[in-house]
$ cat data-v1.cif   # mmCIF, C-alpha atoms
data_query
#
loop_
_atom_site.label_atom_id
_atom_site.label_comp_id
_atom_site.auth_asym_id
_atom_site.auth_seq_id
_atom_site.Cartn_x
_atom_site.Cartn_y
_atom_site.Cartn_z
CA MET A 1 179.65 157.72 80.04
CA ALA A 2 178.86 154.91 77.59
CA LEU A 3 175.57 154.56 75.73
CA LEU A 4 172.86 152.92 77.81
CA ASN A 5 172.42 149.34 76.56
CA SER A 6 170.98 146.58 78.74
CA TYR A 7 168.74 143.88 77.28
CA ASP A 8 169.52 140.77 79.29
CA GLU A 9 170.89 139.37 82.56
CA TRP A 10 174.05 137.62 81.36
CA SER A 11 175.99 139.29 78.54
CA ARG A 12 179.28 141.04 79.33
CA LEU A 13 178.65 143.67 81.99
CA ARG A 14 180.37 147.01 81.28
CA GLU A 15 178.69 149.50 83.61
CA VAL A 16 176.58 149.04 86.73
CA VAL A 17 175.12 151.14 89.53
CA VAL A 18 175.68 149.77 93.04
CA GLY A 19 173.37 150.83 95.87
CA SER A 20 174.10 152.70 99.09
CA ALA A 21 173.14 151.92 102.69
CA GLU A 22 174.35 155.21 104.14
CA ASN A 23 172.05 156.49 106.90
CA TYR A 24 169.85 153.39 106.91
CA THR A 25 168.29 153.58 110.37
CA SER A 26 165.02 151.64 110.48
CA HIS A 27 162.17 149.80 108.81
CA GLU A 28 158.66 151.18 109.18
CA ARG A 29 155.74 148.78 109.52
CA GLU A 30 152.76 150.17 107.64
CA LEU A 31 150.39 148.84 104.98
CA SER A 32 152.66 149.16 101.92
CA PHE A 33 155.59 147.55 103.75
CA ASP A 34 153.49 144.62 104.97
CA LEU A 35 151.97 143.96 101.57
CA PHE A 36 155.35 144.13 99.85
CA HIS A 37 156.97 141.68 102.27
CA HIS A 38 153.90 139.47 102.49
CA ASP A 39 155.59 136.18 101.56
CA ASN A 40 158.10 136.55 104.37
CA LEU A 41 155.85 137.89 107.14
CA ILE A 42 155.69 134.45 108.76
CA ARG A 43 156.56 133.26 112.23
CA SER A 44 158.96 130.45 112.21
CA GLU A 45 161.80 128.23 112.97
CA TRP A 46 165.42 128.43 112.02
CA TYR A 47 165.41 130.30 108.82
CA TYR A 48 162.51 132.58 109.68
CA PRO A 49 162.44 134.45 112.99
CA ARG A 50 159.20 136.39 113.43
CA LEU A 51 158.83 139.68 111.65
CA THR A 52 156.99 141.62 114.34
CA ALA A 53 159.51 142.55 116.97
CA PRO A 54 158.48 142.51 120.62
CA GLY A 55 157.31 145.96 121.65
CA SER A 56 157.06 147.27 118.08
CA THR A 57 153.91 148.51 116.39
CA SER A 58 152.88 146.32 113.49
CA GLY A 59 151.42 147.52 110.23
CA ALA A 60 147.99 146.64 111.60
CA ASP A 61 147.66 150.07 113.15
CA GLY A 62 150.32 152.14 111.41
CA GLY A 63 147.85 153.94 109.15
CA ALA A 64 148.58 155.88 105.99
CA ASN A 65 150.31 158.49 108.11
CA GLY A 66 152.66 155.93 109.55
CA GLY A 67 151.91 157.00 113.10
CA GLN A 68 153.27 160.52 112.97
CA GLY A 69 154.29 162.30 116.14
CA PRO A 70 157.27 163.62 118.06
CA GLY A 71 160.40 161.48 118.12
CA ARG A 72 160.38 158.10 116.45
CA ARG A 73 157.39 157.24 114.27
CA SER A 74 155.18 154.46 115.63
CA GLY A 75 155.73 151.29 113.65
CA GLN A 76 159.43 152.00 113.14
CA SER A 77 161.82 149.20 114.01
CA PRO A 78 165.38 150.48 114.51
CA ILE A 79 168.28 148.77 112.77
CA LYS A 80 171.39 148.33 114.89
CA GLN A 81 174.25 150.49 113.67
CA ARG A 82 176.70 147.58 113.59
CA TYR A 83 174.54 145.89 110.95
CA VAL A 84 174.53 149.02 108.81
CA ASP A 85 178.29 149.39 109.20
CA GLU A 86 178.85 145.77 108.16
CA LEU A 87 176.42 146.09 105.27
CA THR A 88 178.24 149.20 104.04
CA GLU A 89 181.53 147.32 104.26
CA ASP A 90 180.07 144.46 102.22
CA ILE A 91 178.62 146.81 99.59
CA GLU A 92 182.02 148.41 99.15
CA GLY A 93 183.40 144.89 98.71
CA ILE A 94 180.83 144.19 95.98
CA ALA A 95 181.79 147.42 94.19
CA ALA A 96 185.51 146.65 94.49
CA THR A 97 185.00 143.13 93.13
CA LEU A 98 183.11 144.43 90.13
CA ARG A 99 185.83 146.99 89.41
CA SER A 100 188.46 144.23 89.63
CA LEU A 101 186.51 142.38 86.92
CA GLY A 102 186.69 145.38 84.59
CA VAL A 103 183.21 146.77 85.28
CA LYS A 104 182.69 150.52 85.66
CA VAL A 105 180.81 151.14 88.92
CA LEU A 106 178.51 154.14 89.41
CA ARG A 107 176.87 155.15 92.69
CA PRO A 108 173.70 157.03 93.68
CA LEU A 109 173.69 160.16 95.80
CA PRO A 110 173.84 159.21 99.48
CA LEU A 111 170.77 159.82 101.60
CA ASP A 112 171.35 162.92 103.72
CA LYS A 113 171.14 162.25 107.44
CA ALA A 114 168.74 165.16 107.92
CA THR A 115 166.19 163.61 105.55
CA VAL A 116 164.11 161.41 107.85
CA GLU A 117 160.76 161.17 106.07
CA VAL A 118 158.99 161.59 102.76
CA ARG A 119 155.59 163.27 102.51
CA THR A 120 152.83 163.61 99.92
CA PRO A 121 149.34 165.12 100.27
CA ALA A 122 148.04 161.64 101.19
CA TRP A 123 150.61 160.25 103.65
CA SER A 124 154.08 160.44 105.14
CA ALA A 125 156.63 157.70 105.71
CA ALA A 126 160.11 157.20 107.10
CA VAL A 127 162.70 157.29 104.32
CA VAL A 128 165.29 154.64 103.41
CA PRO A 129 168.45 154.99 101.29
CA PRO A 130 168.83 153.85 97.66
CA LEU A 131 170.01 150.31 98.39
CA ASN A 132 167.95 147.85 96.34
CA LEU A 133 168.30 149.72 93.06
CA ARG A 134 166.80 146.95 90.94
CA ASP A 135 163.35 147.67 92.35
CA ASN A 136 162.32 151.17 91.32
CA THR A 137 164.04 151.25 87.93
CA LEU A 138 163.75 149.04 84.86
CA VAL A 139 166.34 149.34 82.10
CA LEU A 140 165.16 147.97 78.76
CA GLY A 141 167.59 148.45 75.90
CA ASP A 142 168.39 152.15 75.63
CA GLU A 143 165.61 153.31 77.96
CA ILE A 144 165.54 154.04 81.69
CA VAL A 145 162.08 153.53 83.18
CA GLU A 146 161.40 154.75 86.71
CA THR A 147 158.68 152.38 87.91
CA PRO A 148 155.76 153.30 90.22
CA PRO A 149 156.95 152.29 93.70
CA MET A 150 155.23 149.78 95.95
CA ILE A 151 156.60 150.97 99.32
CA ARG A 152 155.86 154.49 100.54
CA SER A 153 159.24 154.97 102.18
CA ARG A 154 160.88 154.55 98.76
CA TYR A 155 158.60 156.92 96.83
CA PHE A 156 161.34 159.40 95.88
CA GLU A 157 164.26 156.95 95.86
CA THR A 158 165.06 157.33 92.16
CA GLN A 159 165.73 161.05 92.67
CA LEU A 160 168.99 159.97 94.30
CA LEU A 161 169.88 158.40 90.94
CA THR A 162 169.29 161.62 89.01
CA PRO A 163 172.99 162.33 88.27
CA VAL A 164 173.43 158.81 86.87
CA PHE A 165 170.29 158.95 84.75
CA ALA A 166 171.06 162.46 83.54
CA GLY A 167 174.49 161.29 82.41
CA TYR A 168 173.01 158.51 80.31
CA PHE A 169 170.35 160.86 78.96
CA ALA A 170 173.10 163.26 77.85
CA SER A 171 174.69 160.34 75.98
CA GLY A 172 171.47 159.58 74.10
CA ALA A 173 169.38 157.35 76.37
CA ARG A 174 165.63 157.59 76.70
CA TRP A 175 164.42 158.40 80.22
CA THR A 176 160.82 157.79 81.23
CA VAL A 177 158.91 158.04 84.51
CA MET A 178 155.80 155.85 84.81
CA PRO A 179 152.66 157.37 86.38
CA ARG A 180 153.17 157.94 90.10
CA PRO A 181 150.52 156.46 92.42
CA LEU A 182 148.76 158.45 95.12
CA MET A 183 149.33 155.36 97.31
CA THR A 184 146.47 155.72 99.74
CA ASP A 185 145.42 152.51 101.47
CA ALA A 186 142.70 152.05 98.86
CA SER A 187 145.30 152.12 96.08
CA PHE A 188 146.58 148.65 97.04
CA ASP A 189 145.06 145.40 95.81
CA PRO A 190 145.20 143.10 98.89
CA SER A 191 143.95 139.96 97.11
CA TYR A 192 147.30 138.18 97.14
CA ALA A 193 147.88 138.89 100.81
CA ASN A 194 144.33 137.86 101.66
CA SER A 195 144.69 134.56 99.82
CA THR A 196 146.28 131.43 101.29
CA ILE A 197 149.23 131.69 98.91
CA GLY A 198 152.55 131.63 100.72
CA GLY A 199 151.28 130.01 103.89
CA PRO A 200 150.14 131.53 107.19
CA THR A 201 150.92 135.19 107.65
CA GLU A 202 150.42 137.98 110.09
CA PRO A 203 147.16 139.80 109.30
CA VAL A 204 147.15 142.84 107.05
CA ARG A 205 144.65 145.35 108.38
CA ASP A 206 141.69 146.83 106.52
CA PRO A 207 142.50 149.94 104.45
CA GLN A 208 141.72 153.34 105.96
CA PRO A 209 139.77 155.90 103.87
CA SER A 210 141.43 159.00 102.43
CA PRO A 211 140.12 162.02 100.51
CA TYR A 212 142.67 161.07 97.84
CA ASP A 213 141.31 157.57 97.17
CA VAL A 214 141.11 156.76 93.44
CA GLY A 215 141.00 152.96 93.52
CA PHE A 216 143.72 150.53 92.49
CA GLU A 217 146.78 152.17 90.89
CA MET A 218 149.89 151.09 89.05
CA MET A 219 152.62 149.78 91.36
CA PHE A 220 155.46 147.67 90.03
CA ASP A 221 159.17 146.92 90.51
CA GLY A 222 161.85 146.19 87.96
CA ALA A 223 162.76 143.09 89.97
CA GLN A 224 159.50 141.53 88.81
CA CYS A 225 161.07 141.21 85.36
CA LEU A 226 163.35 138.66 83.73
CA ARG A 227 164.99 140.30 80.69
CA LEU A 228 165.73 138.03 77.73
CA GLY A 229 166.74 140.20 74.77
CA ARG A 230 163.54 141.42 73.14
CA ASP A 231 161.41 139.38 75.56
CA VAL A 232 160.55 140.25 79.16
CA VAL A 233 158.95 137.78 81.58
CA VAL A 234 156.93 139.65 84.22
CA ASN A 235 155.37 138.39 87.45
CA ILE A 236 151.87 139.64 88.23
CA SER A 237 150.28 139.02 91.62
CA THR A 238 147.94 141.98 92.02
CA ALA A 239 145.80 144.38 90.02
CA ASN A 240 148.50 146.99 90.72
CA HIS A 241 151.05 144.91 88.83
CA ALA A 242 148.64 144.20 85.97
CA LEU A 243 147.94 147.89 85.42
CA ALA A 244 151.66 148.61 85.27
CA VAL A 245 152.27 145.85 82.72
CA ASP A 246 149.40 147.20 80.61
CA TRP A 247 151.30 150.50 80.55
CA LEU A 248 154.61 148.82 79.70
CA GLU A 249 153.07 146.85 76.85
CA ARG A 250 151.60 149.99 75.29
CA HIS A 251 154.73 152.05 75.83
CA PHE A 252 157.11 149.46 74.38
CA GLU A 253 154.82 148.14 71.65
CA GLY A 254 156.90 146.90 68.72
CA ARG A 255 160.14 147.01 70.73
CA PHE A 256 159.66 144.37 73.46
CA ARG A 257 157.34 141.42 74.06
CA PHE A 258 156.01 140.95 77.59
CA HIS A 259 155.13 137.49 78.87
CA ARG A 260 152.95 137.43 81.98
CA VAL A 261 153.32 134.80 84.68
CA HIS A 262 150.91 134.88 87.57
CA ARG A 263 151.69 134.73 91.28
CA LEU A 264 155.11 133.16 90.97
CA SER A 265 155.70 135.15 94.18
CA ASP A 266 154.22 138.20 95.87
CA SER A 267 156.29 140.47 93.64
CA HIS A 268 159.98 139.95 92.83
CA ILE A 269 161.19 136.89 90.95
CA ASP A 270 164.97 137.32 91.05
CA SER A 271 165.30 134.89 93.95
CA MET A 272 162.98 132.50 92.11
CA VAL A 273 164.52 132.41 88.64
CA LEU A 274 167.50 134.05 86.92
CA ALA A 275 168.84 133.51 83.42
CA LEU A 276 172.59 132.86 83.64
CA ARG A 277 173.13 132.53 79.89
CA PRO A 278 171.00 131.64 76.86
CA GLY A 279 169.54 128.20 77.51
CA THR A 280 170.35 128.05 81.25
CA LEU A 281 168.17 129.09 84.19
CA LEU A 282 168.96 129.15 87.89
CA VAL A 283 165.67 128.25 89.61
CA ARG A 284 164.47 127.73 93.14
CA SER A 285 162.80 124.47 92.13
CA GLU A 286 161.64 122.62 89.04
CA LYS A 287 158.09 123.64 89.94
CA VAL A 288 159.06 127.27 89.31
CA ALA A 289 160.08 126.40 85.75
CA GLU A 290 156.66 124.83 85.13
CA LEU A 291 155.07 128.25 85.62
CA LEU A 292 157.29 130.02 83.09
CA PRO A 293 156.43 130.64 79.42
CA GLU A 294 156.61 127.41 77.43
CA PRO A 295 159.83 128.18 75.48
CA LEU A 296 161.74 128.59 78.77
CA ARG A 297 160.65 125.16 80.00
CA THR A 298 163.06 123.58 77.54
CA TRP A 299 166.08 125.46 78.94
CA ASP A 300 168.57 123.68 81.18
CA LEU A 301 167.75 124.08 84.86
CA ILE A 302 170.19 124.55 87.71
CA VAL A 303 168.45 123.75 91.00
CA PRO A 304 170.75 124.31 94.00
CA PRO A 305 170.50 121.85 96.89
CA VAL A 306 169.03 122.94 100.20
CA PRO A 307 171.81 124.41 102.39
CA GLU A 308 173.32 121.77 104.69
CA VAL A 309 173.78 124.23 107.54
CA ASN A 310 172.39 127.61 108.49
CA ASN A 311 175.04 130.04 107.23
CA PHE A 312 172.96 133.11 107.99
CA PRO A 313 173.99 135.35 110.86
CA GLN A 314 172.03 134.79 114.05
CA TYR A 315 169.87 137.73 115.04
CA GLU A 316 168.09 138.93 118.12
CA ASP A 317 164.34 138.85 118.67
CA ASP A 318 163.94 142.54 117.90
CA ASP A 319 165.59 142.28 114.45
CA LEU A 320 163.21 142.18 111.47
CA ILE A 321 163.85 139.40 108.94
CA LEU A 322 162.68 140.34 105.44
CA THR A 323 163.76 137.52 103.11
CA SER A 324 163.39 133.80 102.66
CA LYS A 325 166.21 131.27 102.84
CA TYR A 326 166.43 131.47 99.04
CA ILE A 327 167.77 135.04 98.96
CA ASP A 328 171.23 133.82 97.94
CA LEU A 329 169.90 132.70 94.55
CA ASN A 330 169.95 136.46 93.93
CA VAL A 331 173.27 136.29 92.07
CA LEU A 332 174.75 138.71 89.53
CA SER A 333 176.24 137.61 86.21
CA VAL A 334 179.25 139.50 84.90
CA ASP A 335 179.23 137.51 81.67
CA GLU A 336 177.98 134.16 80.40
CA GLU A 337 180.64 132.30 82.39
CA THR A 338 181.18 134.45 85.50
CA VAL A 339 178.78 134.86 88.43
CA LEU A 340 179.02 136.74 91.73
CA VAL A 341 177.77 134.47 94.53
CA ASN A 342 177.56 134.92 98.28
CA ALA A 343 180.69 133.43 99.85
CA ALA A 344 178.49 131.93 102.59
CA CYS A 345 176.82 129.53 100.13
CA PRO A 346 179.17 126.57 99.48
CA GLU A 347 176.37 124.37 98.09
CA LEU A 348 175.36 126.98 95.50
CA ILE A 349 179.00 127.64 94.61
CA ARG A 350 179.68 123.93 94.04
CA THR A 351 176.51 123.55 91.98
CA LEU A 352 177.43 126.43 89.67
CA GLU A 353 181.03 125.26 89.33
CA GLN A 354 179.76 121.81 88.34
CA ALA A 355 177.79 123.57 85.61
CA ARG A 356 181.10 125.10 84.44
CA PHE A 357 180.57 128.61 85.69
CA THR A 358 183.40 130.65 87.16
CA VAL A 359 182.16 131.66 90.60
CA VAL A 360 183.43 134.81 92.29
CA PRO A 361 182.62 134.52 96.02
CA VAL A 362 181.78 137.84 97.67
CA VAL A 363 180.89 138.50 101.31
CA HIS A 364 177.34 139.69 101.97
CA ARG A 365 176.26 139.07 105.55
CA HIS A 366 172.99 140.84 106.28
CA ARG A 367 170.88 140.12 103.23
CA ARG A 368 168.01 138.90 105.42
CA LEU A 369 167.79 142.22 107.28
CA PHE A 370 167.95 144.48 104.24
CA GLY A 371 165.92 142.43 101.78
CA GLY A 372 168.35 142.01 98.91
CA GLY A 373 171.23 140.16 97.30
CA PHE A 374 173.71 141.06 94.57
CA HIS A 375 171.07 141.31 91.85
CA CYS A 376 168.85 143.52 94.06
CA PHE A 377 171.65 145.88 95.05
CA THR A 378 172.71 146.57 91.45
CA LEU A 379 171.31 148.10 88.28
CA ASP A 380 173.13 147.02 85.15
CA THR A 381 173.12 149.85 82.64
CA VAL A 382 175.58 148.69 79.97
CA ARG A 383 175.90 145.11 78.73
CA ASP A 384 177.09 143.81 75.36
CA GLY A 385 173.88 141.97 74.47
CA GLY A 386 171.18 143.27 72.16
CA PRO A 387 167.51 142.63 71.29
CA GLU A 388 168.03 139.02 70.27
CA ASP A 389 165.10 136.62 70.06
CA TYR A 390 165.87 133.85 72.54
CA LEU A 391 162.35 132.43 72.67
CA ALA A 392 161.81 131.71 68.98
#

$ encode --input "data-v1.cif" --output "structure tokens"
Amino acid sequence: MALLNSYDEWSRLREVVVGSAENYTSHERELSFDLFHHDNLIRSEWYYPRLTAPGSTSGADGGANGGQGPGRRSGQSPIKQRYVDELTEDIEGIAATLRSLGVKVLRPLPLDKATVEVRTPAWSAAVVPPLNLRDNTLVLGDEIVETPPMIRSRYFETQLLTPVFAGYFASGARWTVMPRPLMTDASFDPSYANSTIGGPTEPVRDPQPSPYDVGFEMMFDGAQCLRLGRDVVVNISTANHALAVDWLERHFEGRFRFHRVHRLSDSHIDSMVLALRPGTLLVRSEKVAELLPEPLRTWDLIVPPVPEVNNFPQYEDDDLILTSKYIDLNVLSVDEETVLVNAACPELIRTLEQARFTVVPVVHRHRRLFGGGFHCFTLDTVRDGGPEDYLA
């Protein structure tokens, strides 16, 4: 295994971890899930079917215990097996494409079918497999950082990456776990969800008391970061995020500079802005760029046109939709010239080709159901780039 080295989003990719959807059976509506998906919990028209499925139990009464009981947990929304099968097929296609481009692909341990929930002294939750790997891990240079999760069902997800992380540690990498939150209802800062940001949403219920309440805690995902050599742009929307960035700044003092942007989204920014190479950003809109640190406002912007037709699969009323129409901006760069893009996005493909990128179209059908694109599903561990100063 090569030495861990990942400072940016665009230099030549040598090694990457690709997620797994094996034994993905359901989503569970409870407080942490609703807060995490806040920006997309809207009832709508063509791009946005409603999130709450008919007959399901919303997060409004799921409780910290997730509605425990015999059989299926209340608040769980089953995922049809054909979607999981097709997602697994598409993930294998992503992995095969990366291998064909000379990238070494690593995989997490699969979720065992018998593991149906996770439990702590404060709560229990249905478990999901290690699919969106970008979320609960942040790789900065030669260090793996397991971040404090924001969704209860994913609390122990990084344990399924232990063989990968241990391999890099044996080769000399640093390996750090940030403080783990108790994650009672009182741990979550609801101010973003309770604001008018993001438009009308389904209500998020009042937190329920717990003997383990300690107030707001660190919660943060790696996908809130844009890595630019020695600089890291981080999105902060809640007190939970701010506490985590305080920790990161102290831990990496002298090694990385963190630049805070506020409420660019509810959490993740990798469907808002991605750096494709030094001096070039892929952004959802020019307004997004106006919120970035001043040095980045001078970079060239690629703003894809609105899709001419709806190329998303059509779903049934009981299917939960977790992403916005912009999910396909979630591309993955293999090097400064080569980008993996969803094959269902001809407008984005044409736009990138006009900017002289080599586009590799890859099939990814159910990104709206599983909340992630190519960048979300992958964790780049070895790239050629180093701690350059791109914001000087």

$ resolve_selection --input "data-v1.cif" --expression "the PyMOL selection byres ((chain A and resi 357-365) around 6)" --output "MDAnalysis selection string"
chainID A and resid 90 337:343 352:353 355:356 366:367

$ closest_residue --input "data-v1.cif" --among "A:Asp142, A:Ser237, A:Val245, A:Asn330" --to "Asn194 in chain A" --atoms "all atoms listed in the file"
A:Ser237

$ closest_residue --input "data-v1.cif" --among "A:Ala96, A:Val273, A:Met1, A:Leu296" --to "Ala392 in chain A" --atoms "all atoms listed in the file"
A:Leu296

$ atom_distance --input "data-v1.cif" --atom1 "CA of Pro305 in chain A" --atom2 "CA of Tyr326 in chain A"
10.7 Å

$ residues_around --input "data-v1.cif" --residues "range 11-21 of chain A" --least-positions-apart "6" --cutoff "6 Å" --atoms "only C-alpha atoms" --output "mmCIF file with C-alpha atoms, keeping the file's coordinate frame"
data_model
loop_
_atom_site.group_PDB
_atom_site.id
_atom_site.type_symbol
_atom_site.label_atom_id
_atom_site.label_comp_id
_atom_site.auth_asym_id
_atom_site.auth_seq_id
_atom_site.Cartn_x
_atom_site.Cartn_y
_atom_site.Cartn_z
ATOM 1 C CA THR A 88 178.240 149.200 104.040
ATOM 2 C CA VAL A 103 183.210 146.770 85.280
ATOM 3 C CA LYS A 104 182.690 150.520 85.660
ATOM 4 C CA VAL A 105 180.810 151.140 88.920
ATOM 5 C CA LEU A 106 178.510 154.140 89.410
ATOM 6 C CA ARG A 107 176.870 155.150 92.690
ATOM 7 C CA PRO A 129 168.450 154.990 101.290
ATOM 8 C CA PRO A 130 168.830 153.850 97.660
ATOM 9 C CA LEU A 131 170.010 150.310 98.390
ATOM 10 C CA LEU A 133 168.300 149.720 93.060
ATOM 11 C CA VAL A 334 179.250 139.500 84.900
ATOM 12 C CA ASP A 335 179.230 137.510 81.670
ATOM 13 C CA GLU A 336 177.980 134.160 80.400
ATOM 14 C CA PHE A 377 171.650 145.880 95.050
ATOM 15 C CA THR A 378 172.710 146.570 91.450
ATOM 16 C CA LEU A 379 171.310 148.100 88.280
ATOM 17 C CA ASP A 380 173.130 147.020 85.150
ATOM 18 C CA THR A 381 173.120 149.850 82.640
ATOM 19 C CA VAL A 382 175.580 148.690 79.970
ATOM 20 C CA ARG A 383 175.900 145.110 78.730
ATOM 21 C CA ASP A 384 177.090 143.810 75.360
ATOM 22 C CA GLY A 385 173.880 141.970 74.470
#
